[in-house]
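Novice: My file is run-v5.cif. It has mmCIF, C-alpha atoms:
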data_query
loop_
_atom_site.label_atom_id
_atom_site.label_comp_id
_atom_site.auth_asym_id
_atom_site.auth_seq_id
_atom_site.Cartn_x
_atom_site.Cartn_y
_atom_site.Cartn_z
CA MET A 555 -9.61 -22.62 -8.55
CA ILE A 556 -9.32 -21.19 -5.09
CA ARG A 557 -7.86 -23.81 -2.78
CA PHE A 558 -9.27 -24.52 0.67
CA ALA A 559 -6.95 -27.14 2.13
CA ILE A 560 -8.27 -28.71 5.34
CA SER A 561 -5.83 -30.47 7.64
CA LEU A 562 -7.12 -33.71 9.14
CA GLN A 563 -4.08 -34.30 11.35
CA HIS A 564 -3.92 -31.06 13.32
CA PRO A 565 -6.56 -29.19 15.32
CA LYS A 566 -7.78 -25.89 13.99
CA PRO A 567 -5.96 -23.02 15.76
CA LYS A 568 -8.07 -21.26 18.36
CA ASN A 569 -6.03 -18.09 18.91
CA ARG A 570 -2.78 -16.32 18.11
CA GLY A 571 -0.99 -18.09 20.95
CA ASP A 572 -1.17 -21.40 19.07
CA PHE A 573 1.39 -20.08 16.58
CA SER A 574 5.15 -19.95 16.84
CA LEU A 575 5.85 -16.29 16.00
CA ALA A 576 8.43 -14.95 18.47
CA PRO A 577 11.49 -16.71 16.94
CA PHE A 578 10.84 -14.93 13.64
CA ARG A 579 10.33 -11.39 14.93
CA ARG A 580 13.99 -10.49 15.33
CA SER A 581 15.09 -8.07 12.61
CA SER A 582 18.56 -8.01 11.07
CA ASN A 583 20.19 -4.72 10.06
CA ALA A 584 22.59 -6.59 7.77
CA ARG A 585 19.79 -8.37 5.89
CA ALA A 586 17.74 -5.17 5.70
CA LEU A 587 20.70 -3.24 4.28
CA TRP A 588 21.37 -5.98 1.74
CA GLN A 589 17.73 -5.89 0.66
CA LEU A 590 17.94 -2.13 0.15
CA LEU A 591 21.21 -2.33 -1.80
CA SER A 592 19.99 -5.21 -3.97
CA THR A 593 16.89 -3.16 -4.81
CA LEU A 594 18.02 0.45 -5.10
CA LEU A 595 21.35 -0.13 -6.85
CA PRO A 596 19.80 -2.11 -9.75
CA MET A 597 17.12 0.58 -10.03
CA ALA A 598 19.80 3.28 -10.27
CA LEU A 599 21.73 1.28 -12.88
CA LEU A 600 18.58 0.72 -14.94
CA TRP A 601 17.81 4.44 -14.92
CA ALA A 602 21.43 5.22 -15.79
CA SER A 603 21.24 2.88 -18.80
CA LEU A 604 18.39 4.81 -20.43
CA PRO A 605 20.48 7.49 -22.23
CA TRP A 606 22.65 4.74 -23.72
CA ILE A 607 19.65 2.60 -24.72
CA CYS A 608 17.60 5.44 -26.17
CA ARG A 609 20.13 6.89 -28.60
CA PRO A 610 18.31 7.61 -31.90
CA TRP A 611 18.12 4.68 -34.32
CA GLY A 612 20.38 2.53 -32.19
CA PRO A 613 19.95 -1.27 -32.09
CA ARG A 614 19.99 -1.04 -28.30
CA SER A 615 16.48 0.44 -28.33
CA VAL A 616 15.07 -3.10 -28.23
CA LEU A 617 16.30 -3.21 -24.62
CA LEU A 618 13.95 -0.42 -23.58
CA LEU A 619 10.95 -2.65 -22.89
CA PRO A 620 12.77 -5.14 -20.63
CA VAL A 621 14.48 -2.26 -18.79
CA VAL A 622 11.11 -0.61 -18.13
CA ALA A 623 9.65 -3.95 -17.02
CA LEU A 624 12.51 -4.45 -14.56
CA LEU A 625 12.07 -0.90 -13.27
CA VAL A 626 8.42 -1.66 -12.62
CA LEU A 627 9.28 -4.80 -10.64
CA PHE A 628 12.07 -3.15 -8.64
CA SER A 629 9.79 -0.20 -7.91
CA ALA A 630 7.12 -2.57 -6.58
CA ARG A 631 9.76 -4.27 -4.40
CA SER A 632 10.93 -0.93 -3.02
CA PHE A 633 7.33 -0.21 -2.00
CA SER A 634 7.19 -3.54 -0.16
CA LEU A 635 10.38 -2.63 1.72
CA MET A 636 8.89 0.76 2.58
CA HIS A 637 5.87 -1.13 3.91
CA ASP A 638 8.16 -3.10 6.26
CA CYS A 639 9.74 0.13 7.50
CA GLY A 640 6.27 1.40 8.35
CA HIS A 641 5.72 -1.67 10.52
CA GLY A 642 9.08 -1.09 12.21
CA SER A 643 10.24 -4.53 11.10
CA LEU A 644 12.84 -4.07 8.34
CA PHE A 645 15.58 -2.75 10.65
CA ARG A 646 16.06 -3.37 14.36
CA SER A 647 15.83 0.29 15.41
CA LYS A 648 13.06 2.82 14.99
CA PRO A 649 15.38 5.61 13.70
CA LEU A 650 16.70 3.37 10.92
CA ASN A 651 13.18 2.34 9.90
CA ARG A 652 12.11 6.02 9.85
CA LEU A 653 15.20 7.12 7.90
CA PHE A 654 15.08 4.46 5.22
CA GLY A 655 11.29 4.50 5.19
CA PHE A 656 11.46 8.18 4.28
CA LEU A 657 14.06 7.46 1.57
CA LEU A 658 11.89 4.72 0.07
CA GLY A 659 8.92 7.06 0.28
CA VAL A 660 10.83 9.51 -1.92
CA VAL A 661 11.66 6.69 -4.36
CA ASN A 662 7.96 5.80 -4.50
CA ALA A 663 6.84 9.48 -4.50
CA ILE A 664 4.57 8.89 -1.49
CA PRO A 665 5.04 10.18 2.08
CA GLN A 666 5.86 7.05 4.05
CA HIS A 667 4.91 8.17 7.57
CA PRO A 668 1.28 9.18 6.81
CA TRP A 669 0.91 6.11 4.59
CA SER A 670 2.14 3.75 7.29
CA ARG A 671 -0.22 5.25 9.89
CA GLY A 672 -3.16 4.66 7.54
CA HIS A 673 -1.91 1.15 6.84
CA ALA A 674 -1.70 0.47 10.58
CA PHE A 675 -5.42 1.30 10.78
CA HIS A 676 -6.04 -1.41 8.17
CA HIS A 677 -4.16 -3.95 10.28
CA LEU A 678 -6.06 -2.99 13.42
CA HIS A 679 -9.45 -3.48 11.72
CA ASN A 680 -8.86 -6.05 8.98
CA GLY A 681 -12.08 -7.99 8.37
CA ASN A 682 -14.17 -5.34 10.12
CA TRP A 683 -15.88 -3.96 7.05
CA GLU A 684 -17.95 -1.60 9.14
CA ARG A 685 -14.75 0.27 10.08
CA TYR A 686 -12.52 -0.24 7.04
CA ARG A 687 -13.72 -0.70 3.44
CA GLY A 688 -10.35 -1.31 1.79
CA PRO A 689 -8.44 0.89 -0.66
CA SER A 690 -11.44 0.99 -2.99
CA ALA A 691 -13.80 2.38 -0.32
CA LEU A 692 -16.49 -0.19 -1.11
CA LEU A 693 -20.16 0.56 -0.58
CA THR A 694 -22.56 -1.64 1.32
CA LEU A 695 -25.18 -3.50 -0.68
CA GLU A 696 -27.84 -1.22 0.79
CA GLN A 697 -25.95 1.95 -0.17
CA PHE A 698 -25.47 0.66 -3.71
CA GLN A 699 -29.18 -0.13 -4.12
CA GLN A 700 -30.04 3.44 -3.16
CA LEU A 701 -28.00 4.83 -6.07
CA SER A 702 -29.52 5.74 -9.42
CA PRO A 703 -28.83 3.38 -12.34
CA GLN A 704 -26.27 5.85 -13.72
CA GLN A 705 -24.51 6.10 -10.37
CA GLN A 706 -24.47 2.31 -10.05
CA GLN A 707 -22.90 2.04 -13.49
CA ARG A 708 -20.23 4.61 -12.62
CA TYR A 709 -19.50 2.77 -9.38
CA GLY A 710 -18.97 -0.48 -11.27
CA TRP A 711 -16.70 1.21 -13.80
CA SER A 712 -14.64 2.91 -11.10
CA ARG A 713 -13.89 -0.49 -9.49
CA HIS A 714 -13.02 -2.23 -12.75
CA PRO A 715 -9.54 -3.85 -12.75
CA LEU A 716 -8.40 -1.59 -15.60
CA MET A 717 -8.85 1.37 -13.25
CA LEU A 718 -5.79 0.09 -11.38
CA PHE A 719 -3.64 1.91 -13.93
CA PRO A 720 -4.99 5.48 -13.84
CA GLY A 721 -5.72 4.93 -10.15
CA GLY A 722 -2.14 3.83 -9.54
CA PHE A 723 -0.69 6.87 -11.30
CA SER A 724 -2.95 9.16 -9.30
CA TYR A 725 -2.14 7.35 -6.05
CA LEU A 726 1.62 7.91 -6.33
CA VAL A 727 2.19 10.88 -8.61
CA ILE A 728 -0.81 13.20 -8.13
CA ARG A 729 -2.46 12.52 -4.76
CA PRO A 730 0.46 13.38 -2.41
CA ARG A 731 1.04 16.70 -4.19
CA LEU A 732 -2.68 17.48 -4.13
CA GLN A 733 -2.91 16.62 -0.43
CA LEU A 734 -0.19 19.12 0.40
CA LEU A 735 -1.73 21.91 -1.70
CA LEU A 736 -5.26 21.36 -0.40
CA GLY A 737 -4.06 21.10 3.18
CA LEU A 738 -2.03 24.31 2.89
CA GLY A 739 -5.08 25.96 1.37
CA GLU A 740 -7.10 24.93 4.44
CA TRP A 741 -4.38 26.29 6.72
CA LEU A 742 -4.28 29.63 4.85
CA GLN A 743 -8.06 29.93 4.98
CA ALA A 744 -8.07 29.20 8.72
CA MET A 745 -5.29 31.74 9.41
CA LEU A 746 -7.02 34.48 7.37
CA ALA A 747 -10.26 33.81 9.24
CA HIS A 748 -8.38 34.11 12.52
CA ILE A 749 -6.84 37.44 11.50
CA ARG A 750 -10.21 38.78 10.36
CA GLN A 751 -11.66 37.83 13.73
CA GLU A 752 -8.80 39.06 15.93
CA GLY A 753 -7.47 41.90 13.79
CA TRP A 754 -3.73 42.55 13.56
CA ARG A 755 -3.33 41.16 17.07
CA GLY A 756 -4.09 37.79 15.55
CA LEU A 757 -0.67 37.82 13.87
CA LEU A 758 0.94 37.38 17.29
CA SER A 759 -0.88 34.10 17.87
CA LEU A 760 -0.47 32.61 14.38
CA LYS A 761 2.25 30.25 15.60
CA GLU A 762 0.00 28.87 18.33
CA ARG A 763 -2.98 28.62 15.95
CA THR A 764 -0.80 26.78 13.44
CA HIS A 765 0.30 24.35 16.16
CA HIS A 766 -3.33 23.47 16.91
CA PHE A 767 -4.48 23.54 13.28
CA GLN A 768 -6.30 20.38 12.10
CA SER A 769 -6.33 19.56 8.39
CA SER A 770 -8.54 17.04 6.62
CA HIS A 771 -5.43 15.96 4.66
CA TRP A 772 -3.15 15.07 7.58
CA TYR A 773 -3.81 14.17 11.20
CA THR A 774 -0.68 15.14 13.13
CA GLY A 775 2.17 17.60 12.87
CA SER A 776 4.61 14.77 12.17
CA GLU A 777 2.47 13.69 9.21
CA PHE A 778 2.54 17.23 7.81
CA ILE A 779 6.33 17.44 8.18
CA ASP A 780 6.76 14.12 6.39
CA LEU A 781 4.31 15.15 3.68
CA LEU A 782 6.10 18.47 3.14
CA ALA A 783 9.60 16.96 3.18
CA ASN A 784 8.57 14.16 0.84
CA ASN A 785 7.08 16.60 -1.66
CA LEU A 786 10.17 18.83 -1.61
CA CYS A 787 12.47 15.85 -2.18
CA VAL A 788 10.25 14.29 -4.86
CA LEU A 789 9.88 17.57 -6.78
CA ALA A 790 13.65 18.12 -6.58
CA SER A 791 14.27 14.60 -7.90
CA TRP A 792 11.82 15.17 -10.75
CA TRP A 793 13.62 18.38 -11.70
CA TRP A 794 17.06 16.73 -11.57
CA MET A 795 15.99 13.62 -13.50
CA SER A 796 14.25 15.77 -16.15
CA HIS A 797 17.40 17.87 -16.49
CA TRP A 798 19.61 14.77 -16.77
CA LEU A 799 17.50 12.55 -19.05
CA GLY A 800 15.38 15.18 -20.75
CA ILE A 801 11.78 15.91 -19.88
CA GLY A 802 10.31 13.68 -22.60
CA LEU A 803 12.37 10.57 -21.84
CA PHE A 804 12.12 10.90 -18.07
CA TRP A 805 8.38 11.45 -17.87
CA SER A 806 7.46 8.86 -20.48
CA VAL A 807 9.40 6.16 -18.60
CA TYR A 808 8.64 7.44 -15.09
CA ALA A 809 4.88 7.69 -15.66
CA LEU A 810 4.79 4.15 -17.04
CA VAL A 811 6.90 2.72 -14.22
CA MET A 812 4.93 4.41 -11.44
CA THR A 813 1.58 3.54 -13.02
CA CYS A 814 2.37 -0.16 -13.44
CA SER A 815 4.18 -0.65 -10.13
CA ALA A 816 1.31 1.02 -8.24
CA ALA A 817 -1.18 -1.16 -10.13
CA ILE A 818 0.75 -4.26 -9.02
CA PHE A 819 0.80 -3.55 -5.31
CA ILE A 820 -2.77 -2.21 -5.23
CA CYS A 821 -3.85 -5.39 -7.03
CA ILE A 822 -2.01 -7.56 -4.51
CA PHE A 823 -3.52 -5.67 -1.59
CA PHE A 824 -7.00 -5.96 -3.07
CA VAL A 825 -7.01 -9.71 -3.76
CA GLN A 826 -5.44 -10.49 -0.38
CA HIS A 827 -8.56 -9.10 1.33
CA ASN A 828 -11.33 -9.25 -1.30
CA PHE A 829 -11.83 -12.89 -2.21
CA PRO A 830 -14.72 -15.39 -2.16
CA GLY A 831 -15.51 -16.31 1.42
CA SER A 832 -13.39 -13.54 2.92
CA TYR A 833 -14.14 -12.70 6.56
CA ALA A 834 -16.38 -9.61 6.29
CA ASN A 835 -17.80 -8.94 9.73
CA ALA A 836 -19.41 -5.93 11.36
CA THR A 837 -17.85 -4.33 14.44
CA GLU A 838 -19.98 -6.34 16.83
CA GLY A 839 -18.50 -9.80 17.17
CA TRP A 840 -15.45 -8.95 15.04
CA SER A 841 -12.28 -10.94 15.77
CA TYR A 842 -8.73 -9.74 15.04
CA PHE A 843 -7.61 -13.37 14.84
CA LYS A 844 -10.31 -14.27 12.29
CA GLY A 845 -9.42 -11.15 10.33
CA ALA A 846 -5.89 -12.50 9.94
CA MET A 847 -6.79 -16.13 9.30
CA GLU A 848 -10.02 -15.80 7.32
CA GLY A 849 -9.76 -12.22 6.05
CA SER A 850 -6.33 -12.54 4.43
CA SER A 851 -5.49 -14.73 1.47
CA ASN A 852 -2.08 -16.19 0.67
CA LEU A 853 -0.80 -16.04 -2.89
CA ILE A 854 0.86 -18.91 -4.72
CA LEU A 855 3.32 -17.04 -6.95
CA PRO A 856 6.38 -17.93 -9.02
CA GLY A 857 9.59 -17.55 -7.05
CA VAL A 858 10.71 -14.46 -8.94
CA LEU A 859 7.44 -12.66 -8.14
CA ASN A 860 7.78 -13.63 -4.48
CA TRP A 861 11.19 -11.96 -4.47
CA PHE A 862 9.96 -8.77 -6.12
CA SER A 863 6.97 -8.61 -3.75
CA ALA A 864 9.20 -9.31 -0.71
CA ASP A 865 7.20 -12.42 0.25
CA ILE A 866 4.05 -10.45 1.07
CA ALA A 867 2.22 -13.45 -0.44
CA PHE A 868 2.45 -15.09 3.01
CA HIS A 869 -0.20 -12.72 4.21
CA SER A 870 -1.97 -14.55 7.02
CA ILE A 871 1.26 -14.68 9.03
CA HIS A 872 1.89 -11.04 8.23
CA HIS A 873 -1.48 -10.10 9.71
CA LEU A 874 -0.98 -12.31 12.74
CA CYS A 875 2.26 -10.45 13.50
CA GLU A 876 3.19 -7.43 11.39
CA ARG A 877 6.52 -7.11 13.24
CA ILE A 878 7.91 -10.16 11.41
CA PRO A 879 10.23 -8.80 8.69
CA ASN A 880 9.62 -9.90 5.13
CA TYR A 881 12.81 -11.99 5.08
CA HIS A 882 11.37 -14.23 7.85
CA LEU A 883 7.79 -14.51 6.58
CA ARG A 884 8.36 -17.64 4.46
CA ALA A 885 10.15 -19.49 7.26
CA CYS A 886 7.45 -18.50 9.77
CA HIS A 887 4.73 -19.64 7.37
CA GLN A 888 6.45 -22.98 6.87
CA ALA A 889 6.98 -23.48 10.60
CA ASN A 890 3.26 -22.92 11.19
CA GLN A 891 2.02 -24.59 8.01
CA HIS A 892 0.02 -27.20 9.96
CA LEU A 893 -2.06 -24.35 11.42
CA LEU A 894 -2.54 -22.55 8.11
CA ASP A 895 -4.08 -25.29 5.99
CA ASP A 896 -7.56 -23.82 6.45
CA CYS A 897 -6.48 -20.46 5.05
CA VAL A 898 -7.27 -19.43 1.49
CA TYR A 899 -4.55 -19.79 -1.15
CA LEU A 900 -4.93 -18.01 -4.49
CA ARG A 901 -3.17 -18.65 -7.77
CA LEU A 902 -2.84 -16.02 -10.48
CA ARG A 903 -5.76 -17.54 -12.39
CA ASP A 904 -8.01 -16.98 -9.37
CA LEU A 905 -7.49 -13.21 -9.20
CA PRO A 906 -10.15 -12.10 -11.73
CA ARG A 907 -12.87 -13.58 -9.50
CA CYS A 908 -11.71 -11.39 -6.63
CA PHE A 909 -12.24 -8.15 -8.55
CA LYS A 910 -15.93 -8.92 -8.90
CA LEU A 911 -16.45 -8.60 -5.13
CA ILE A 912 -16.95 -4.87 -4.77
CA LEU A 913 -19.90 -4.67 -2.35
CA TRP A 914 -20.27 -5.55 1.32
CA ASP A 915 -23.55 -7.21 2.25
CA SER A 916 -23.78 -6.08 5.88
CA SER A 917 -26.82 -8.27 6.60
CA GLN A 918 -25.13 -11.49 5.44
CA GLN A 919 -21.65 -10.23 6.41
CA GLU A 920 -20.02 -11.21 3.15
CA LEU A 921 -18.55 -9.60 0.05
CA VAL A 922 -20.74 -9.85 -3.05
CA ALA A 923 -20.57 -9.04 -6.75
CA LEU A 924 -22.66 -6.48 -8.60
CA PRO A 925 -25.04 -9.04 -10.20
CA GLN A 926 -26.12 -10.07 -6.69
CA ALA A 927 -27.27 -6.50 -6.08
#
Represent the structure from my file as structure tokens, please.

Specialist:
Amino acid sequence: MIRFAISLQHPKPKNRGDFSLAPFRRSSNARALWQLLSTLLPMALLWASLPWICRPWGPRSVLLLPVVALLVLFSARSFSLMHDCGHGSLFRSKPLNRLFGFLLGVVNAIPQHPWSRGHAFHHLHNGNWERYRGPSALLTLEQFQQLSPQQQQRYGWSRHPLMLFPGGFSYLVIRPRLQLLLGLGEWLQAMLAHIRQEGWRGLLSLKERTHHFQSSHWYTGSEFIDLLANNLCVLASWWWMSHWLGIGLFWSVYALVMTCSAAIFICIFFVQHNFPGSYANATEGWSYFKGAMEGSSNLILPGVLNWFSADIAFHSIHHLCERIPNYHLRACHQANQHLLDDCVYLRLRDLPRCFKLILWDSSQQELVALPQA
């Protein structure tokens, strides 16, 4: 059951200033580096063990399943650390966060800089469902009712929890490559149109036209550079890993690991913002503070899952101040516990209820399930 714990001893917080956040904002390069080493080194060792485990007819083959499971968990943790780099909180300096954020983006096969800019938009508008509809791009109740019965059925299927798996594989493995190809196709089309219009003289201004080119697949030049560099590094790593492990072994394990790890963090993101009673306001009257307190759930997870998710379960505090590094989130949550009793806390058994809420009723300003449509 979803827990709503109401404190009778402490007043309900009125604004962000009621919380003690500043003491927990200071990042530590040493702790950040240890987190990276304790995540990436085990991942490397697990990948290195595969040729030894997968020798034909060997008794060690029984270890394959636990090795893949650990790779999934470490991959999900590396994504959480990349998320911290995007907020500029893992390390103390911006260059270190950019450098290691890019590295973790290569590990996760997703360009970190464009991803973090999109994620920042989520933080700016959390709970404002008129501006941001979550990773599933939810429809309003009115939009859903205007669909044909077949379209409504497809919409329901596309938001089914099982779609986390093909959706996760597409999100990490296919989408970033497709974005680059489609964006380059737009650029080529725009340059050819310019040359047709200006003739051969247009070649002289291609550099300037490229500088001002706007793609629907990236928003700034820095995003394009990160997208291009990430794709080059990811494709090179795929080639090297396929050469080392063999195409069959590498892709069978890699596809499974990326699919399941992406499903985990997309699931966590979904249930931390789509839950019964979640703050689902329109732009008018929207409150950033309410978006953090009432539009973010906190997860009650086993300790080992908290470690692999880098304590993102303490999500209300994270939304109150995204500059708090993951290794201070628990302490900050505990220090402010008396102000967080009214927040929503979810256990694993509560999560299936969250996946039913895939429509936004803009008139009632709440998330609703398909049967209510």

Novice: Could you tell me which residues the PyMOL selection byres ((chain A and resi 843) around 12) grabs in this file, written as a tab-separated table (two decimals) with C-alpha atoms, in the frame of the given file?

Specialist:
chain	number	residue	atom	x	y	z
A	567	PRO	CA	-5.96	-23.02	15.76
A	568	LYS	CA	-8.07	-21.26	18.36
A	569	ASN	CA	-6.03	-18.09	18.91
A	570	ARG	CA	-2.78	-16.32	18.11
A	571	GLY	CA	-0.99	-18.09	20.95
A	572	ASP	CA	-1.17	-21.40	19.07
A	573	PHE	CA	1.39	-20.08	16.58
A	677	HIS	CA	-4.16	-3.95	10.28
A	678	LEU	CA	-6.06	-2.99	13.42
A	679	HIS	CA	-9.45	-3.48	11.72
A	680	ASN	CA	-8.86	-6.05	8.98
A	681	GLY	CA	-12.08	-7.99	8.37
A	682	ASN	CA	-14.17	-5.34	10.12
A	833	TYR	CA	-14.14	-12.70	6.56
A	839	GLY	CA	-18.50	-9.80	17.17
A	840	TRP	CA	-15.45	-8.95	15.04
A	841	SER	CA	-12.28	-10.94	15.77
A	842	TYR	CA	-8.73	-9.74	15.04
A	844	LYS	CA	-10.31	-14.27	12.29
A	845	GLY	CA	-9.42	-11.15	10.33
A	846	ALA	CA	-5.89	-12.50	9.94
A	847	MET	CA	-6.79	-16.13	9.30
A	848	GLU	CA	-10.02	-15.80	7.32
A	849	GLY	CA	-9.76	-12.22	6.05
A	850	SER	CA	-6.33	-12.54	4.43
A	870	SER	CA	-1.97	-14.55	7.02
A	871	ILE	CA	1.26	-14.68	9.03
A	872	HIS	CA	1.89	-11.04	8.23
A	873	HIS	CA	-1.48	-10.10	9.71
A	874	LEU	CA	-0.98	-12.31	12.74
A	875	CYS	CA	2.26	-10.45	13.50

Novice: To one decimal in Å, tell me the separation between CA of Leu911 (chain A) and CA of Asn828 (chain A).

Specialist: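 Answer for the CA of Leu911 (chain A) to CA of Asn828 (chain A) separation: 6.4 Å.
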
Novice: CA of Ile664 (chain A) to CA of Asn784 (chain A): how many Å, to one decimal?

Specialist: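 Value for the CA of Ile664 (chain A)-CA of Asn784 (chain A) distance: 7.0 Å.
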
Novice: Could you please give me, as a PDB file with C-alpha atoms, in the coordinates of the input, the residues of protein, DNA or RNA lying at most 7 Å from (1.1, -16.3, -5.0) in the coordinate frame of the file, considering all atoms listed in the file?

Specialist:
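Listed below is the output, out_30.pdb:
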ATOM      1  CA  ASN A 852      -2.080 -16.190   0.670  1.00  0.00           C
ATOM      2  CA  LEU A 853      -0.800 -16.040  -2.890  1.00  0.00           C
ATOM      3  CA  ILE A 854       0.860 -18.910  -4.720  1.00  0.00           C
ATOM      4  CA  LEU A 855       3.320 -17.040  -6.950  1.00  0.00           C
ATOM      5  CA  PRO A 856       6.380 -17.930  -9.020  1.00  0.00           C
ATOM      6  CA  ALA A 867       2.220 -13.450  -0.440  1.00  0.00           C
ATOM      7  CA  LEU A 900      -4.930 -18.010  -4.490  1.00  0.00           C
ATOM      8  CA  ARG A 901      -3.170 -18.650  -7.770  1.00  0.00           C
ATOM      9  CA  LEU A 902      -2.840 -16.020 -10.480  1.00  0.00           C
TER      10      LEU A 902
END

Novice: What is the CA of Ala790 (chain A)-CA of Leu657 (chain A) distance in Å, reported with one decimal?

Specialist: 13.4 Å

Novice: Taking 5 positions as the minimum chain separation for residues in the same chain, which residues sit within 7 Å of Ala663 (chain A) when counting all atoms listed in the file? Answer as a ChimeraX atom specification.

Specialist: /A:726-727,788

Novice: For each of A:Leu695, A:Ala889, A:Pro689, A:Leu894, take the minimum atom-to-atom distance to Val825 (chain A), counting only C-alpha atoms, then give the residue where this is smallest.

Specialist: A:Pro689

Novice: Identify, on the basis of all atoms listed in the file, every residue whose closest approach to Phe675 (chain A) does not exceed 10 Å; exclude the query and any residue fewer than 5 positions from it along the same chain; express the result as a PyMOL selection string.

Specialist: chain A and resi 670+680+685-686

Novice: Only C-alpha atoms, please: the residues just picked out, written as a CSV table (one decimal), keeping the file's coordinate frame.

Specialist:
chain,number,residue,atom,x,y,z
A,670,SER,CA,2.1,3.8,7.3
A,680,ASN,CA,-8.9,-6.0,9.0
A,685,ARG,CA,-14.8,0.3,10.1
A,686,TYR,CA,-12.5,-0.2,7.0

Novice: What do you get, as a ChimeraX atom specification, if you spell out every residue that the PyMOL selection byres ((chain A and resi 716) around 12) selects here?

Specialist: /A:710-715,717-722,813-814,817-818,820-821,906,909

Novice: Here's the selection I'm unsure about, the PyMOL selection byres ((chain A and resi 645) around 7); applied to the file above, which residues does it give, as a PDB file with C-alpha atoms, keeping the file's coordinate frame?

Specialist:
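Printed below is selection13.pdb as written:
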ATOM      1  CA  SER A 581      15.090  -8.070  12.610  1.00  0.00           C
ATOM      2  CA  SER A 582      18.560  -8.010  11.070  1.00  0.00           C
ATOM      3  CA  ASN A 583      20.190  -4.720  10.060  1.00  0.00           C
ATOM      4  CA  ALA A 586      17.740  -5.170   5.700  1.00  0.00           C
ATOM      5  CA  GLY A 642       9.080  -1.090  12.210  1.00  0.00           C
ATOM      6  CA  SER A 643      10.240  -4.530  11.100  1.00  0.00           C
ATOM      7  CA  LEU A 644      12.840  -4.070   8.340  1.00  0.00           C
ATOM      8  CA  ARG A 646      16.060  -3.370  14.360  1.00  0.00           C
ATOM      9  CA  SER A 647      15.830   0.290  15.410  1.00  0.00           C
ATOM     10  CA  LEU A 650      16.700   3.370  10.920  1.00  0.00           C
ATOM     11  CA  ASN A 651      13.180   2.340   9.900  1.00  0.00           C
TER      12      ASN A 651
END

Novice: Which centre and edge lengths in Å to one decimal define the box along x, y and z that fits every listed atom of region 904-920 of chain A plus 4 Å per side, as AutoDock Vina command-line options?

Specialist:
--center_x -17.2 --center_y -10.8 --center_z -2.6 --size_x 27.3 --size_y 20.3 --size_z 26.3

Novice: Write out as a list in words the residues lying within 10 Å of Leu594 (chain A), counting all atoms listed in the file and excluding same-chain residues fewer than 3 positions away.

Specialist: Trp588, Gln589, Leu590, Leu591, Met597, Ala598, Leu599, Leu600, Phe628, Ser629, Arg631, Ser632, Leu658 and Val661 of chain A

Novice: Nearest to Cys908 (chain A): which of A:Phe633, A:Tyr881, A:Phe862, A:Phe823 is it, counting all atoms listed in the file?

Specialist: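 Answer, going by the shortest atom-to-atom distance: A:Phe823.
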
Novice: Between A:Ala747, A:Pro649, A:Phe804, A:Gly775, which one has atoms that come closest to Cys608 (chain A), using all atoms listed in the file?

Specialist: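 That would be A:Phe804, the residue with the smallest distance to Cys608 (chain A).
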
Novice: Taking into account all atoms listed in the file, which residue in the set A:Leu803, A:Ile728, A:Leu757, A:Leu905 is nearest to Leu789 (chain A)?

Specialist: A:Ile728
